[in-house]
Amino acid sequence: MIRYALELEYDGTPFVGWQRQPSGLSVQGVVEAALEIATGQSCLLQGAGRTDAGVHARAMAAHVDLAGDAVPSALRLREMLNALVRPHPIAVLSVREVAADWHARFSCIARHYRYRILNRRAGPALERNQVWWRQGQLDVEAMQAAANRLLGHHDFSSFRSSECQAKNPNRTLDALTLSRRGEEVWIDAAARSFLHHQVRIMVGTLVEVGRGRWTVLQVEEALAARNRAAAGPTAPPTGLYFTRAVYPEA
């Protein structure tokens, strides 16, 4: 068996999420079906993260084990997969052989996400499912000041969904950076791992600060409360992108 690493880009709008589900279209299911047609083998595709329904990816890392004698070259496999996943909004950016012990999920040492907020009076016509539309000028400096209070190692119980299955709510947030890009506000987050809905709840809370409804102190208090009810709303999935998975060899 040979282990292959794949890098995928996808629009999460039509999918129930990354993970295969009993019903509904998943990114994992579509790519696994394409792999089976391309190689004649049933397989398990494992990703660096499990994005929710409606969440997108710029560069999701994944791996699959395939019998070498049934696999064309990595370049040929990439081209075959890109043809077979159509018309679904998935692109296989790269395929390469990796070591047998390389694991897309467990070898990953950092995950990066970006959240896009369209901050203008007019709603989106072309990117309705790609951004979160917020009217009223957001105070990005205040949002950044609040974001800084979330950096480091904390119990993020206030910033995870009630359905989160993680046994330990402690996480280390390495980066949470805001920037205004024309009519958009970008929020970039990085950590080794995130709790369920953590990024979206942090974004929803920071937007309350940007609108002047919350203060920086209230964000600190929400973090200290260790209670989901203490934090702000959960931002919708439409503006969230998995942008990068980092591995030791990088």
# chains A, B, ... in the order shown; residues from 1 in each chain; ligands from 1
$ select_by_dssp --residues "segment 10-160 of chain A" --states "strand (DSSP E or B)" --output "ChimeraX atom specification"
/A:10,17,46-47,52,56-66,90-98,110-118,132-133,152-155
$ write_last_selection --atoms "N, CA, C and O atoms" --output "short mmCIF file (atom, residue, chain, number, x, y, z; two decimals), in the first residue's frame"
data_model
loop_
_atom_site.label_atom_id
_atom_site.label_comp_id
_atom_site.auth_asym_id
_atom_site.auth_seq_id
_atom_site.Cartn_x
_atom_site.Cartn_y
_atom_site.Cartn_z
N TYR A 10 -12.63 23.41 -1.91
CA TYR A 10 -14.05 23.16 -2.17
C TYR A 10 -14.93 24.27 -1.63
O TYR A 10 -14.58 24.97 -0.69
N GLY A 17 -21.12 18.73 4.92
CA GLY A 17 -19.85 18.93 5.60
C GLY A 17 -18.79 18.04 4.99
O GLY A 17 -19.00 17.40 3.95
N GLN A 46 -9.03 10.47 4.77
CA GLN A 46 -9.01 11.12 6.06
C GLN A 46 -8.46 12.54 5.92
O GLN A 46 -7.41 12.74 5.32
N GLY A 47 -9.17 13.51 6.48
CA GLY A 47 -8.80 14.91 6.32
C GLY A 47 -8.16 15.50 7.56
O GLY A 47 -8.27 14.95 8.66
N ASP A 52 -17.86 21.86 8.83
CA ASP A 52 -19.30 21.71 8.93
C ASP A 52 -19.98 22.04 7.60
O ASP A 52 -19.35 22.55 6.66
N HIS A 56 -16.17 26.28 3.82
CA HIS A 56 -15.36 26.08 2.62
C HIS A 56 -13.91 25.72 2.98
O HIS A 56 -13.51 25.80 4.14
N ALA A 57 -13.14 25.35 1.95
CA ALA A 57 -11.72 25.08 2.15
C ALA A 57 -10.92 25.60 0.98
O ALA A 57 -11.29 25.39 -0.18
N ARG A 58 -9.84 26.29 1.31
CA ARG A 58 -8.88 26.71 0.28
C ARG A 58 -7.82 25.64 0.06
O ARG A 58 -7.34 25.47 -1.06
N ALA A 59 -7.45 24.93 1.13
CA ALA A 59 -6.39 23.93 1.02
C ALA A 59 -6.54 22.91 2.15
O ALA A 59 -5.78 22.92 3.11
N MET A 60 -7.53 22.04 2.01
CA MET A 60 -7.72 20.97 2.99
C MET A 60 -6.77 19.83 2.68
O MET A 60 -6.76 19.31 1.55
N ALA A 61 -6.01 19.40 3.66
CA ALA A 61 -5.10 18.27 3.49
C ALA A 61 -5.85 16.98 3.83
O ALA A 61 -6.68 16.95 4.73
N ALA A 62 -5.54 15.92 3.10
CA ALA A 62 -6.15 14.62 3.34
C ALA A 62 -5.18 13.54 2.90
O ALA A 62 -4.21 13.80 2.19
N HIS A 63 -5.44 12.30 3.33
CA HIS A 63 -4.61 11.19 2.85
C HIS A 63 -5.46 9.96 2.61
O HIS A 63 -6.55 9.80 3.17
N VAL A 64 -4.92 9.07 1.77
CA VAL A 64 -5.60 7.83 1.43
C VAL A 64 -4.54 6.77 1.14
O VAL A 64 -3.45 7.08 0.63
N ASP A 65 -4.82 5.53 1.50
CA ASP A 65 -3.93 4.40 1.22
C ASP A 65 -4.46 3.61 0.03
O ASP A 65 -5.63 3.20 0.02
N LEU A 66 -3.59 3.38 -0.95
CA LEU A 66 -3.99 2.68 -2.17
C LEU A 66 -2.93 1.66 -2.56
O LEU A 66 -1.73 1.89 -2.34
N ILE A 90 -15.53 20.89 -6.17
CA ILE A 90 -14.31 20.40 -5.52
C ILE A 90 -13.19 20.43 -6.54
O ILE A 90 -13.37 20.05 -7.69
N ALA A 91 -12.01 20.87 -6.11
CA ALA A 91 -10.82 20.83 -6.96
C ALA A 91 -9.71 20.11 -6.19
O ALA A 91 -9.45 20.42 -5.03
N VAL A 92 -9.08 19.14 -6.84
CA VAL A 92 -7.93 18.45 -6.27
C VAL A 92 -6.69 19.21 -6.71
O VAL A 92 -6.30 19.16 -7.88
N LEU A 93 -6.10 19.95 -5.79
CA LEU A 93 -4.99 20.83 -6.14
C LEU A 93 -3.68 20.06 -6.32
O LEU A 93 -2.85 20.43 -7.15
N SER A 94 -3.49 19.01 -5.54
CA SER A 94 -2.25 18.24 -5.65
C SER A 94 -2.45 16.84 -5.10
O SER A 94 -3.32 16.60 -4.25
N VAL A 95 -1.63 15.92 -5.60
CA VAL A 95 -1.54 14.56 -5.09
C VAL A 95 -0.07 14.20 -5.03
O VAL A 95 0.66 14.43 -5.99
N ARG A 96 0.38 13.64 -3.89
CA ARG A 96 1.79 13.25 -3.78
C ARG A 96 1.92 12.06 -2.85
O ARG A 96 1.12 11.86 -1.95
N GLU A 97 2.96 11.27 -3.08
CA GLU A 97 3.26 10.15 -2.18
C GLU A 97 3.89 10.69 -0.90
O GLU A 97 4.69 11.63 -0.94
N VAL A 98 3.52 10.08 0.23
CA VAL A 98 4.08 10.48 1.53
C VAL A 98 4.46 9.22 2.29
O VAL A 98 4.13 8.10 1.90
N ALA A 110 -0.73 22.50 13.14
CA ALA A 110 -1.46 23.78 13.18
C ALA A 110 -2.51 23.80 12.08
O ALA A 110 -2.28 23.29 10.97
N ARG A 111 -3.64 24.41 12.41
CA ARG A 111 -4.72 24.58 11.46
C ARG A 111 -5.07 26.05 11.38
O ARG A 111 -5.18 26.71 12.41
N HIS A 112 -5.25 26.53 10.16
CA HIS A 112 -5.54 27.95 9.94
C HIS A 112 -6.92 28.10 9.32
O HIS A 112 -7.27 27.36 8.39
N TYR A 113 -7.67 29.06 9.83
CA TYR A 113 -8.99 29.39 9.29
C TYR A 113 -9.06 30.89 8.99
O TYR A 113 -8.40 31.69 9.66
N ARG A 114 -9.88 31.23 8.03
CA ARG A 114 -10.17 32.64 7.74
C ARG A 114 -11.68 32.82 7.70
O ARG A 114 -12.39 31.99 7.13
N TYR A 115 -12.14 33.91 8.32
CA TYR A 115 -13.56 34.25 8.25
C TYR A 115 -13.70 35.58 7.52
O TYR A 115 -13.04 36.56 7.86
N ARG A 116 -14.58 35.60 6.52
CA ARG A 116 -14.80 36.80 5.70
C ARG A 116 -16.14 37.44 6.05
O ARG A 116 -17.18 36.79 5.97
N ILE A 117 -16.09 38.71 6.40
CA ILE A 117 -17.30 39.48 6.68
C ILE A 117 -17.42 40.58 5.63
O ILE A 117 -16.49 41.38 5.46
N LEU A 118 -18.53 40.60 4.93
CA LEU A 118 -18.81 41.70 4.00
C LEU A 118 -19.47 42.82 4.79
O LEU A 118 -20.58 42.65 5.29
N TRP A 132 -20.22 36.54 5.27
CA TRP A 132 -21.27 36.93 6.21
C TRP A 132 -21.49 38.42 6.05
O TRP A 132 -20.57 39.21 6.23
N TRP A 133 -22.69 38.80 5.67
CA TRP A 133 -23.00 40.22 5.43
C TRP A 133 -23.41 40.88 6.74
O TRP A 133 -24.36 40.45 7.39
N GLY A 152 -3.61 32.59 23.49
CA GLY A 152 -2.96 31.78 24.52
C GLY A 152 -3.77 30.56 24.90
O GLY A 152 -4.73 30.18 24.21
N HIS A 153 -3.37 29.95 26.00
CA HIS A 153 -3.98 28.70 26.45
C HIS A 153 -5.10 28.99 27.45
O HIS A 153 -4.87 29.61 28.48
N HIS A 154 -6.31 28.54 27.11
CA HIS A 154 -7.47 28.80 27.97
C HIS A 154 -8.44 27.63 27.93
O HIS A 154 -8.40 26.78 27.02
N ASP A 155 -9.35 27.64 28.88
CA ASP A 155 -10.54 26.80 28.82
C ASP A 155 -11.56 27.56 27.96
O ASP A 155 -12.06 28.60 28.36
#
$ closest_atom_pairs --of "segment 131-178 of chain A" --to "segment 198-222 of chain A" --cutoff "7 Å" --atoms "only C-alpha atoms" --output "CSV"
residue,atom,partner,partner_atom,distance
A:Leu138,CA,A:Gly210,CA,4.5
A:Asp139,CA,A:Gly210,CA,4.4
A:Val140,CA,A:Gly210,CA,6.2
A:Ala142,CA,A:Gly210,CA,6.2
A:Met143,CA,A:Leu206,CA,5.4
A:Ala145,CA,A:Val216,CA,6.8
A:Ala146,CA,A:Val216,CA,4.7
A:Arg149,CA,A:Glu220,CA,6.3
A:Ser158,CA,A:Ala222,CA,6.5
A:Phe159,CA,A:Gln198,CA,5.1
A:Arg160,CA,A:Gln198,CA,4.9
$ write_last_selection --atoms "N, CA, C and O atoms" --output "mmCIF file, in the first residue's frame"
data_model
loop_
_atom_site.group_PDB
_atom_site.id
_atom_site.type_symbol
_atom_site.label_atom_id
_atom_site.label_comp_id
_atom_site.auth_asym_id
_atom_site.auth_seq_id
_atom_site.Cartn_x
_atom_site.Cartn_y
_atom_site.Cartn_z
ATOM 1 N N LEU A 138 -18.030 48.285 11.187
ATOM 2 C CA LEU A 138 -17.462 47.550 12.304
ATOM 3 C C LEU A 138 -16.166 48.223 12.761
ATOM 4 O O LEU A 138 -15.336 48.621 11.940
ATOM 5 N N ASP A 139 -15.991 48.333 14.060
ATOM 6 C CA ASP A 139 -14.787 48.916 14.647
ATOM 7 C C ASP A 139 -13.736 47.813 14.759
ATOM 8 O O ASP A 139 -13.708 47.046 15.727
ATOM 9 N N VAL A 140 -12.874 47.718 13.752
ATOM 10 C CA VAL A 140 -11.897 46.637 13.682
ATOM 11 C C VAL A 140 -10.856 46.756 14.789
ATOM 12 O O VAL A 140 -10.394 45.737 15.332
ATOM 13 N N ALA A 142 -11.293 47.880 17.859
ATOM 14 C CA ALA A 142 -11.893 47.352 19.089
ATOM 15 C C ALA A 142 -11.993 45.831 19.020
ATOM 16 O O ALA A 142 -11.759 45.133 20.022
ATOM 17 N N MET A 143 -12.327 45.306 17.863
ATOM 18 C CA MET A 143 -12.420 43.858 17.695
ATOM 19 C C MET A 143 -11.060 43.196 17.904
ATOM 20 O O MET A 143 -10.965 42.139 18.531
ATOM 21 N N ALA A 145 -8.589 44.390 19.737
ATOM 22 C CA ALA A 145 -8.273 44.475 21.168
ATOM 23 C C ALA A 145 -8.953 43.350 21.937
ATOM 24 O O ALA A 145 -8.371 42.747 22.847
ATOM 25 N N ALA A 146 -10.201 43.048 21.571
ATOM 26 C CA ALA A 146 -10.922 41.952 22.219
ATOM 27 C C ALA A 146 -10.326 40.597 21.822
ATOM 28 O O ALA A 146 -10.194 39.700 22.666
ATOM 29 N N ARG A 149 -7.412 39.283 23.809
ATOM 30 C CA ARG A 149 -7.700 38.704 25.129
ATOM 31 C C ARG A 149 -7.947 37.205 25.053
ATOM 32 O O ARG A 149 -7.921 36.521 26.079
ATOM 33 N N SER A 158 -16.772 28.483 26.865
ATOM 34 C CA SER A 158 -17.737 29.499 26.436
ATOM 35 C C SER A 158 -17.800 29.628 24.922
ATOM 36 O O SER A 158 -18.748 30.201 24.391
ATOM 37 N N PHE A 159 -16.779 29.106 24.245
ATOM 38 C CA PHE A 159 -16.665 29.286 22.804
ATOM 39 C C PHE A 159 -16.717 27.954 22.059
ATOM 40 O O PHE A 159 -16.052 27.776 21.047
ATOM 41 N N ARG A 160 -17.516 27.043 22.577
ATOM 42 C CA ARG A 160 -17.744 25.798 21.848
ATOM 43 C C ARG A 160 -19.227 25.464 21.896
ATOM 44 O O ARG A 160 -19.945 25.838 22.825
#
$ closest_atom_pairs --of "segment 45-152 of chain A" --to "segment 22-35 of chain A" --cutoff "9 Å" --atoms "only C-alpha atoms" --output "tab-separated table"
residue	atom	partner	partner_atom	distance
A:Leu45	CA	A:Glu32	CA	6.3
A:Gln46	CA	A:Gln28	CA	7.8
A:Gly47	CA	A:Gln28	CA	8.2
A:Ala53	CA	A:Ser26	CA	8.6
A:Leu77	CA	A:Leu35	CA	8.5
A:Met80	CA	A:Ala34	CA	8.3
A:Leu81	CA	A:Ala34	CA	5.9
A:Asn82	CA	A:Ala34	CA	8.6
A:Ala83	CA	A:Ala34	CA	8.7
A:Leu84	CA	A:Ala34	CA	5.4
A:Val85	CA	A:Ala34	CA	6.1
A:His88	CA	A:Val30	CA	8.1
A:Ile90	CA	A:Val27	CA	7.8
$ closest_residue --among "A:Pro233, A:Arg50, A:Gln144, A:Ala191" --to "Arg20 of chain A" --atoms "only C-alpha atoms"
A:Arg50
$ closest_residue --among "A:Phe194, A:Phe242, A:Tyr247, A:Phe156" --to "Trp18 of chain A" --atoms "only C-alpha atoms"
A:Phe242
$ closest_residue --among "A:Leu8, A:Thr238, A:Leu44, A:Gly232" --to "Arg78 of chain A" --atoms "only C-alpha atoms"
A:Leu8
$ closest_residue --among "A:Arg192, A:Thr13, A:Glu184, A:Leu173" --to "Pro248 of chain A" --atoms "only C-alpha atoms"
A:Arg192
$ atom_distance --atom1 "atom CA of Asp101 of chain A" --atom2 "atom CA of Met1 of chain A"
11.9 Å
$ atom_distance --atom1 "atom CA of Asn119 of chain A" --atom2 "atom CA of Leu178 of chain A"
13.2 Å
$ closest_residue --among "A:Gly54, A:Gly49, A:Gly40, A:Pro14" --to "Ala245 of chain A" --atoms "only C-alpha atoms"
A:Gly49
$ select_by_dssp --residues "segment 113-144 of chain A" --states "helix (DSSP H, G or I)" --output "list in words"
Val140, Glu141, Ala142, Met143 and Gln144 of chain A
